[in-house]
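Written out below as structure tokens is the structure these notes cover.
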Amino acid sequence: MRSPLFPSKPIYTFPTLLLLAGAMLVLAQACNYTQRITDGSTAWELKRYAEALPLLTKEYNKTKSRVEQGQLAYKIGSSHDNLHQPADALEWYRRAYDYQYGPEALESYAEMLMQTEQYDDALEAYKELGFEIGSRYQYRRQMQAAEFASTFDASQSRYAVEKADFNTNASTYAPNYASENLLFVTSDQGPTLEKGTAYAWTGRAYSDLYLQPLPNGEAKKLDANINGPYNEGAAALSPDGRHLVFTRCAPFGFETGYCQLYMSDREGDGWSEAQALTFQEPGINYVQPAWNADGSLLYFSSDHPDGFGGYDLYATERMPAMEWSAPKRLPRTINTPKNEHFPSLDQDTLYFSSDGHGGVGGLDILRTYPIGSDGYSAPFNLLPPVNGGADDFGISFSPKPNSDGRKQGYFSSSRTDGLDRIYAVEQLPPPPPPVPEIDPIDSTVIVKKPSWILDIVIVEPILSIPDNPSSRVIGYKPLEAANLQVEPADALENLTVIEPGEWNLNLDENTQYRFLAKAPGYLSQDESFSTIGMTKIDGDGNQRFELEIQLNKIYAGREIVLDDIYYDFDKADIRSDAEPTLRKLARDLQLNPELRIRMGSHTDCRGPDAYNRSLSQRRAESAVQFLIDQGIAADRLEAVGFGEDVPRTDCSCSRCSEDDHQLNRRTTFAILE
């Protein structure tokens, strides 16, 4: 899964993707994994990258059109990327960009430069990309990361790293302690498979869960109640040793199936039949479990639509009878618009991997700890040699420290040859403490209190087609005409304008802040930030937080498609997956009380015209009634059913897929005044 700037291209290979896996079930419904592939683009779309590469390369060499070459070059680069071959990927991504594929190829090229640790070139590529889309702001984190990585001083390292002795020629990753002398690991080292039964993403075996003796020895595959015919991985054993939660992907046997969390109970020397955890919703990926110290909470990563973007970390509470509470998303301190994965806990310290906090390339491992009831400290990057240009993820520390009392454990990395391997990590002695600062008047030690600084930016989206609100968002830039209101009112004394559209706010303790962003011609938006329960720690450096508020331009009379509002065939009910989008629209109307809107609804082409117009009218009225139930005055809303007259897809009715039909069963809105 990639930055939300360009959501169409996944960036991780399967060993990471088994645990990240964001895939489209519509493809799964259409194509069995045994389907015979004859062209590269079909193989690529089905994420069968090992098969796609030779086909795409052959097609690239045949075509004379630079536009087609650019499209094929991007897919070849993406295939190398997803197979953990960044050196090959960057060459093809650059070629795709040179052949007018667009900024998506340039961003991928810059990412591969980071992964191959060509940091100076990556910095220049990100600068070029900012110029290309018209927003240097969009890539500020990446540029800061490239500058940091290029000037990193090895004396800052706090860990020693070496490759574990038990690695094989297979991809092995996601270590997690089962006991002091055993690791759960995920590996595709399974027996040689018969032709046609390999996992088409990688061309290798499907992944299974193993128990790995320490410090070395032969890994033992877990029994058939854990390992099925497709992909399993990323296991976490409860502190009492009785419950194993793990990730299982492609339960329907398709290459593009979703991943979910399953739990199995210990039965003697084996495990019971695994059951999916009850809180999970269909069509969403739930991966990478981790228990807290007393087994009361389970952490995981998910691409749930209520997240900040990409994958975010969540926690759910274990209830009586092994039921689970509704998952709670961890705060913005941890989650970013990109991807957060592989949570693990060492007492109250939370480790995770992310490509959204800056770093030295790919996924980096970070750590944080709780402050107050719901807060976390600013994440700290573990730095090289733990983190490098490649993906580094899935760290687990031993319950027993080394002979000097320092932490030791294992983590995963793709740094060697593109396959994921496991590395041993050991904490180094701490650096000498800094010399305390002494007050020259009374000779007392000066204790410096850290500051909490909130960086606030009001942004507007950059559209792929300017002034077309239904076109793709390719980035964001500060909205210079915006103004900001803050509650409590006395917080204005601590608010500093940095540049138009950007502010810094020095935060007070135990304070709930509310921000209202406005700009002429844009929909107002509000956001909040709380320091209630957070604690400042003497001696720590200043902590910075970021709050980005997006304002959308008002396009009077223009229809805007409300994504994620679909209807079941021949029904007008508002589905549960549509409610978050409609609640967001209701909030927009509450913040912009002068606006009136028209809700429009469209059917697919099946059924008589008159019936479809009636059905779409009922659907539009259902959406309007939902908004009224949220407190919006009825006189601000209109409902219009368009029937099948304005389809979103251009397929002929008899040849439309079920996915095409569902896209046409959509709801839109238009601002009337």
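Ordering of the structure tokens sets the chain letters (A, B, ...); residue numbers start at 1 within each chain; ligands are numbered from 1 in the order shown.
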
Just the residues within 9 Å of Thr496 (chain A), please, counting only C-alpha atoms, with nothing from its chain fewer than 5 positions along; format it as a ChimeraX atom specification. /A:502-506

Selected residues written out with C-alpha atoms, as a compact mmCIF listing (two decimals), in the first residue's frame:
```txt
# COMPACT_ATOMS: atom_id res chain seq x y z
CA GLU A 502 0.84 27.70 8.67
CA TRP A 503 0.98 28.27 12.45
CA ASN A 504 2.81 27.03 15.54
CA LEU A 505 1.00 26.70 18.86
CA ASN A 506 2.77 26.22 22.20
```

I need the residues of region 467-572 of chain A that end up classed as strand (DSSP E) by DSSP on the backbone, written out as a ChimeraX atom specification. /A:473-478,483-487,495-499,502-506,512-518,525-530,543-550,560-566

Could you save the residues just selected, with C-alpha atoms, as a PDB file, in the first residue's frame?
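Result file is out34.pdb:
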```
ATOM      1  CA  VAL A 473      -6.159  14.222  -5.592  1.00  0.00           C
ATOM      2  CA  ILE A 474      -2.421  14.216  -6.352  1.00  0.00           C
ATOM      3  CA  GLY A 475      -1.233  16.221  -3.360  1.00  0.00           C
ATOM      4  CA  TYR A 476      -1.893  19.066  -0.937  1.00  0.00           C
ATOM      5  CA  LYS A 477      -0.568  22.582  -0.526  1.00  0.00           C
ATOM      6  CA  PRO A 478      -0.975  25.262   2.158  1.00  0.00           C
ATOM      7  CA  ASN A 483      -7.575  31.874   8.763  1.00  0.00           C
ATOM      8  CA  LEU A 484      -7.707  29.969  12.034  1.00  0.00           C
ATOM      9  CA  GLN A 485      -9.871  30.300  15.121  1.00  0.00           C
ATOM     10  CA  VAL A 486      -8.790  28.608  18.362  1.00  0.00           C
ATOM     11  CA  GLU A 487     -10.576  27.633  21.552  1.00  0.00           C
ATOM     12  CA  LEU A 495      -0.179  31.044  18.430  1.00  0.00           C
ATOM     13  CA  THR A 496       2.509  32.144  15.970  1.00  0.00           C
ATOM     14  CA  VAL A 497       2.091  32.627  12.206  1.00  0.00           C
ATOM     15  CA  ILE A 498       4.966  30.913  10.378  1.00  0.00           C
ATOM     16  CA  GLU A 499       3.833  31.442   6.791  1.00  0.00           C
ATOM     17  CA  GLU A 502       0.844  27.696   8.668  1.00  0.00           C
ATOM     18  CA  TRP A 503       0.982  28.272  12.446  1.00  0.00           C
ATOM     19  CA  ASN A 504       2.813  27.033  15.542  1.00  0.00           C
ATOM     20  CA  LEU A 505       1.004  26.699  18.859  1.00  0.00           C
ATOM     21  CA  ASN A 506       2.769  26.220  22.196  1.00  0.00           C
ATOM     22  CA  GLN A 512      -8.658  20.454  25.064  1.00  0.00           C
ATOM     23  CA  TYR A 513      -8.173  22.569  21.925  1.00  0.00           C
ATOM     24  CA  ARG A 514     -10.634  23.131  19.104  1.00  0.00           C
ATOM     25  CA  PHE A 515      -9.645  24.692  15.782  1.00  0.00           C
ATOM     26  CA  LEU A 516     -11.946  26.152  13.130  1.00  0.00           C
ATOM     27  CA  ALA A 517     -10.383  26.768   9.712  1.00  0.00           C
ATOM     28  CA  LYS A 518     -12.015  29.098   7.194  1.00  0.00           C
ATOM     29  CA  GLN A 525     -13.654  22.580   8.792  1.00  0.00           C
ATOM     30  CA  ASP A 526     -12.886  21.947  12.440  1.00  0.00           C
ATOM     31  CA  GLU A 527     -10.379  19.739  14.235  1.00  0.00           C
ATOM     32  CA  SER A 528      -9.386  19.114  17.831  1.00  0.00           C
ATOM     33  CA  PHE A 529      -6.254  18.272  19.794  1.00  0.00           C
ATOM     34  CA  SER A 530      -5.956  17.352  23.466  1.00  0.00           C
ATOM     35  CA  GLN A 543       7.982  17.349  21.376  1.00  0.00           C
ATOM     36  CA  ARG A 544       6.357  18.403  18.118  1.00  0.00           C
ATOM     37  CA  PHE A 545       2.962  17.350  16.861  1.00  0.00           C
ATOM     38  CA  GLU A 546       1.340  18.086  13.516  1.00  0.00           C
ATOM     39  CA  LEU A 547      -2.276  18.926  12.702  1.00  0.00           C
ATOM     40  CA  GLU A 548      -3.304  19.228   9.066  1.00  0.00           C
ATOM     41  CA  ILE A 549      -6.746  20.675   8.311  1.00  0.00           C
ATOM     42  CA  GLN A 550      -8.043  20.236   4.772  1.00  0.00           C
ATOM     43  CA  ILE A 560     -19.439  15.523  -6.477  1.00  0.00           C
ATOM     44  CA  VAL A 561     -19.425  11.752  -6.051  1.00  0.00           C
ATOM     45  CA  LEU A 562     -19.568  10.612  -2.447  1.00  0.00           C
ATOM     46  CA  ASP A 563     -17.219   7.658  -2.365  1.00  0.00           C
ATOM     47  CA  ASP A 564     -18.158   4.594  -0.307  1.00  0.00           C
ATOM     48  CA  ILE A 565     -21.906   5.209  -0.599  1.00  0.00           C
ATOM     49  CA  TYR A 566     -23.217   2.266  -2.543  1.00  0.00           C
TER      50      TYR A 566
END
```

Using DSSP secondary structure from the backbone, list all helix (DSSP H, G or I) positions within region 320-567 of chain A, as a VMD selection string. chain A and resid 320 to 322 489 to 494

Written selection (N, CA and C atoms) as a short mmCIF file (atom, residue, chain, number, x, y, z; two decimals), in the first residue's frame:
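Result went into out-v8.cif, see below:
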```cif
data_model
loop_
_atom_site.label_atom_id
_atom_site.label_comp_id
_atom_site.auth_asym_id
_atom_site.auth_seq_id
_atom_site.Cartn_x
_atom_site.Cartn_y
_atom_site.Cartn_z
N PRO A 320 -14.75 -10.66 28.63
CA PRO A 320 -15.04 -12.02 29.09
C PRO A 320 -15.46 -12.92 27.93
N ALA A 321 -15.17 -14.22 28.08
CA ALA A 321 -15.51 -15.23 27.07
C ALA A 321 -14.81 -14.95 25.74
N MET A 322 -13.65 -14.29 25.80
CA MET A 322 -12.83 -13.99 24.62
C MET A 322 -13.58 -13.19 23.56
N ALA A 489 -9.93 30.69 23.99
CA ALA A 489 -9.53 31.95 23.36
C ALA A 489 -8.15 32.41 23.79
N ASP A 490 -7.75 32.13 25.04
CA ASP A 490 -6.45 32.61 25.49
C ASP A 490 -5.29 31.87 24.82
N ALA A 491 -5.60 30.79 24.08
CA ALA A 491 -4.55 30.09 23.34
C ALA A 491 -3.97 30.94 22.23
N LEU A 492 -4.72 31.95 21.79
CA LEU A 492 -4.22 32.83 20.73
C LEU A 492 -2.91 33.50 21.12
N GLU A 493 -2.69 33.69 22.44
CA GLU A 493 -1.44 34.30 22.89
C GLU A 493 -0.24 33.42 22.58
N ASN A 494 -0.46 32.10 22.44
CA ASN A 494 0.63 31.17 22.16
C ASN A 494 0.71 30.76 20.70
#
```

Contact residues around Gly409 (chain A) with only C-alpha atoms at 6 Å, ignoring same-chain residues under 2 positions, as a PyMOL selection string: chain A and resi 396-398+424-425

Residue selection dump (N, CA and C atoms) as a CSV table (one decimal), in the first residue's frame:
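Wrote result-v6.csv, looks like this:
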```csv
chain,number,residue,atom,x,y,z
A,396,SER,N,11.1,-7.7,18.0
A,396,SER,CA,10.7,-8.4,19.2
A,396,SER,C,11.8,-8.6,20.1
A,397,PHE,N,11.6,-8.2,21.4
A,397,PHE,CA,12.7,-8.3,22.4
A,397,PHE,C,12.5,-9.5,23.3
A,398,SER,N,13.6,-10.1,23.7
A,398,SER,CA,13.5,-11.3,24.6
A,398,SER,C,13.0,-10.9,25.9
A,424,ALA,N,19.6,-10.4,14.4
A,424,ALA,CA,19.7,-10.3,15.9
A,424,ALA,C,20.1,-8.9,16.2
A,425,VAL,N,19.5,-8.3,17.3
A,425,VAL,CA,19.8,-6.9,17.7
A,425,VAL,C,20.1,-6.9,19.2
```

Quick one: everything within 6 Å of Asn285 (chain A), counting only C-alpha atoms, minus sequence neighbours fewer than 3 positions away in the same chain. Send it as a tab-separated table (two decimals) with C-alpha atoms, in the first residue's frame.
```
chain	number	residue	atom	x	y	z
A	258	TYR	CA	-8.22	-9.87	2.34
A	259	CYS	CA	-6.27	-10.66	5.50
A	260	GLN	CA	-7.80	-11.18	8.93
A	302	SER	CA	-5.57	-2.20	9.68
A	303	ASP	CA	-6.53	-0.23	6.58
```

Shell around Arg583 (chain A) at 9 Å using only C-alpha atoms, local window under 6 positions removed, as a VMD selection string: chain A and resid 626 to 627 630

Kindly save the residues from that selection, with N, CA and C atoms included, as a compact mmCIF listing (two decimals), in the first residue's frame.
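Saved to result-v1.txt:
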```
# COMPACT_ATOMS: atom_id res chain seq x y z
N PHE A 626 -31.18 10.49 6.28
CA PHE A 626 -30.05 10.25 7.17
C PHE A 626 -29.46 11.57 7.65
N LEU A 627 -29.32 12.54 6.75
CA LEU A 627 -28.78 13.85 7.13
C LEU A 627 -29.73 14.57 8.08
N GLN A 630 -29.30 13.46 11.44
CA GLN A 630 -28.07 13.99 12.05
C GLN A 630 -28.23 15.45 12.47
```
